[in-house]
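Input: a single structure, listed below in structure tokens.
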Amino acid sequence: MTETVLVRYIVRDVDAAIGFYTGLLGFEVVMHPAETFAMLGRGALRLALSAPSGR
């Protein structure tokens, strides 16, 4: 059984980060439900990309 590892990154531009991770590092988009959040995957690794909350 393979465990999944989740890493969260706060990024200024979620769409640009998606382009970087999918185009250069071979990740796939798992979900992108809002412009401020996306989940990418590559094997057992998941990247949660989110924009700063502005608090």
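How things are named: the first chain in the structure tokens is A, the next is B, and so on; residues count from 1 in each chain; ligands count from 1 in the order shown.
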Inset, instruction - Using only C-alpha atoms, determine which residues lie at most 10 Å from Ala34 in chain A, disregarding the query and same-chain residues fewer than 3 positions distant; provide the list as a count of residues only. - result: 5
Can you tell me, as an mmCIF file with N, CA, C and O atoms, in the first residue's frame, what residues are no more than 8 Å from Asp15 in chain A when counting only C-alpha atoms, ignoring any on the same chain fewer than 3 positions away?
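File part09.cif, as written:
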data_model
loop_
_atom_site.group_PDB
_atom_site.id
_atom_site.type_symbol
_atom_site.label_atom_id
_atom_site.label_comp_id
_atom_site.auth_asym_id
_atom_site.auth_seq_id
_atom_site.Cartn_x
_atom_site.Cartn_y
_atom_site.Cartn_z
ATOM 1 N N ILE A 18 0.429 26.215 -11.556
ATOM 2 C CA ILE A 18 -0.057 25.025 -12.273
ATOM 3 C C ILE A 18 0.762 24.817 -13.537
ATOM 4 O O ILE A 18 1.205 23.706 -13.830
ATOM 5 N N GLY A 19 0.971 25.876 -14.286
ATOM 6 C CA GLY A 19 1.763 25.784 -15.513
ATOM 7 C C GLY A 19 3.177 25.289 -15.260
ATOM 8 O O GLY A 19 3.701 24.455 -16.003
ATOM 9 N N GLU A 35 -10.191 29.799 -8.525
ATOM 10 C CA GLU A 35 -8.965 30.434 -9.013
ATOM 11 C C GLU A 35 -7.896 30.537 -7.922
ATOM 12 O O GLU A 35 -6.722 30.723 -8.221
#
Inset, instruction - as a ChimeraX atom specification, please: all residues of chain A that backbone DSSP puts in helix (DSSP H, G or I). - result: /A:14-25
Inset, instruction - Find, counting only C-alpha atoms, the residue in A:Arg12, A:Pro33, A:Val5, A:Gly26 that gets nearest to Leu47 in chain A. - result: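 Of A:Arg12, A:Pro33, A:Val5, A:Gly26, the one nearest Leu47 in chain A is A:Val5, counting only C-alpha atoms.
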Inset, instruction - Find, counting only C-alpha atoms, the residue in A:Met1, A:Val11, A:Leu6, A:Met39 that gets nearest to Ala51 in chain A. - result: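 The answer is A:Val11, which sits nearest to Ala51 in chain A.
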Legend entry - Non-local contacts of Glu28 in chain A (7 Å; only C-alpha atoms; under 2 positions in same chain excluded) as number ranges by chain: A: 22, 26, 30, 40-42
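Residue nearest Glu3 in chain A within the list A:Gly23, A:Leu49, A:Ala16, A:Ala44: A:Ala44 [criterion: smallest interatomic distance, only C-alpha atoms].
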Inset, instruction - From a DSSP pass on the backbone, collect the residues of chain A flagged as strand (DSSP E) and hand them back as a VMD selection string. - result: chain A and resid 5 to 10 28 to 34 37 to 42 45 to 50
Would you mind exporting the chosen residues as a tab-separated table (two decimals), in the first residue's frame, restricted to N, CA, C and O atoms?
chain	number	residue	atom	x	y	z
A	5	VAL	N	1.50	11.60	0.16
A	5	VAL	CA	2.10	12.72	0.88
A	5	VAL	C	1.50	14.00	0.32
A	5	VAL	O	1.44	14.19	-0.89
A	6	LEU	N	1.06	14.88	1.21
A	6	LEU	CA	0.47	16.16	0.81
A	6	LEU	C	1.37	17.30	1.26
A	6	LEU	O	1.76	17.37	2.42
A	7	VAL	N	1.71	18.17	0.30
A	7	VAL	CA	2.51	19.36	0.59
A	7	VAL	C	1.69	20.57	0.16
A	7	VAL	O	1.13	20.58	-0.94
A	8	ARG	N	1.60	21.56	1.04
A	8	ARG	CA	0.84	22.76	0.73
A	8	ARG	C	1.79	23.91	0.44
A	8	ARG	O	2.72	24.16	1.19
A	9	TYR	N	1.53	24.60	-0.68
A	9	TYR	CA	2.31	25.76	-1.06
A	9	TYR	C	1.37	26.96	-1.16
A	9	TYR	O	0.30	26.87	-1.76
A	10	ILE	N	1.80	28.08	-0.59
A	10	ILE	CA	1.09	29.33	-0.76
A	10	ILE	C	1.77	30.04	-1.93
A	10	ILE	O	2.99	30.29	-1.89
A	28	GLU	N	0.06	16.39	-12.69
A	28	GLU	CA	-1.25	16.45	-13.34
A	28	GLU	C	-2.21	17.18	-12.41
A	28	GLU	O	-2.09	17.08	-11.18
A	29	VAL	N	-3.17	17.88	-12.99
A	29	VAL	CA	-4.18	18.57	-12.19
A	29	VAL	C	-5.17	17.54	-11.67
A	29	VAL	O	-5.79	16.82	-12.45
A	30	VAL	N	-5.31	17.45	-10.36
A	30	VAL	CA	-6.28	16.57	-9.73
A	30	VAL	C	-7.60	17.32	-9.60
A	30	VAL	O	-8.67	16.77	-9.88
A	31	MET	N	-7.53	18.58	-9.16
A	31	MET	CA	-8.72	19.44	-9.10
A	31	MET	C	-8.28	20.90	-9.09
A	31	MET	O	-7.17	21.22	-8.66
A	32	HIS	N	-9.14	21.73	-9.63
A	32	HIS	CA	-8.91	23.18	-9.66
A	32	HIS	C	-10.28	23.86	-9.56
A	32	HIS	O	-10.78	24.44	-10.51
A	33	PRO	N	-10.91	23.76	-8.37
A	33	PRO	CA	-12.29	24.22	-8.21
A	33	PRO	C	-12.46	25.73	-8.12
A	33	PRO	O	-13.57	26.23	-8.28
A	34	ALA	N	-11.38	26.46	-7.85
A	34	ALA	CA	-11.47	27.92	-7.72
A	34	ALA	C	-10.16	28.53	-8.18
A	34	ALA	O	-9.13	27.86	-8.21
A	37	PHE	N	-7.26	28.04	-5.62
A	37	PHE	CA	-6.87	26.73	-5.11
A	37	PHE	C	-6.77	25.70	-6.23
A	37	PHE	O	-7.59	25.69	-7.15
A	38	ALA	N	-5.77	24.84	-6.12
A	38	ALA	CA	-5.65	23.70	-7.02
A	38	ALA	C	-4.92	22.57	-6.30
A	38	ALA	O	-4.10	22.83	-5.41
A	39	MET	N	-5.23	21.35	-6.69
A	39	MET	CA	-4.53	20.18	-6.17
A	39	MET	C	-3.89	19.49	-7.37
A	39	MET	O	-4.57	19.18	-8.36
A	40	LEU	N	-2.59	19.25	-7.29
A	40	LEU	CA	-1.86	18.58	-8.34
A	40	LEU	C	-1.34	17.26	-7.81
A	40	LEU	O	-1.17	17.10	-6.59
A	41	GLY	N	-1.07	16.33	-8.71
A	41	GLY	CA	-0.55	15.04	-8.28
A	41	GLY	C	0.50	14.50	-9.19
A	41	GLY	O	0.50	14.77	-10.40
A	42	ARG	N	1.41	13.77	-8.60
A	42	ARG	CA	2.42	13.02	-9.34
A	42	ARG	C	2.78	11.81	-8.49
A	42	ARG	O	3.41	11.95	-7.44
A	45	LEU	N	2.53	11.82	-4.52
A	45	LEU	CA	2.70	13.18	-4.02
A	45	LEU	C	1.55	14.06	-4.49
A	45	LEU	O	1.20	14.07	-5.67
A	46	ARG	N	0.96	14.80	-3.58
A	46	ARG	CA	-0.08	15.78	-3.90
A	46	ARG	C	0.41	17.15	-3.48
A	46	ARG	O	0.96	17.32	-2.38
A	47	LEU	N	0.26	18.12	-4.36
A	47	LEU	CA	0.57	19.51	-4.04
A	47	LEU	C	-0.73	20.28	-3.96
A	47	LEU	O	-1.51	20.30	-4.90
A	48	ALA	N	-0.96	20.92	-2.84
A	48	ALA	CA	-2.11	21.80	-2.66
A	48	ALA	C	-1.58	23.22	-2.85
A	48	ALA	O	-0.76	23.70	-2.05
A	49	LEU	N	-2.01	23.86	-3.92
A	49	LEU	CA	-1.59	25.22	-4.22
A	49	LEU	C	-2.71	26.17	-3.84
A	49	LEU	O	-3.83	26.01	-4.30
A	50	SER	N	-2.39	27.16	-3.01
A	50	SER	CA	-3.43	28.12	-2.66
A	50	SER	C	-2.86	29.52	-2.60
A	50	SER	O	-1.68	29.72	-2.28
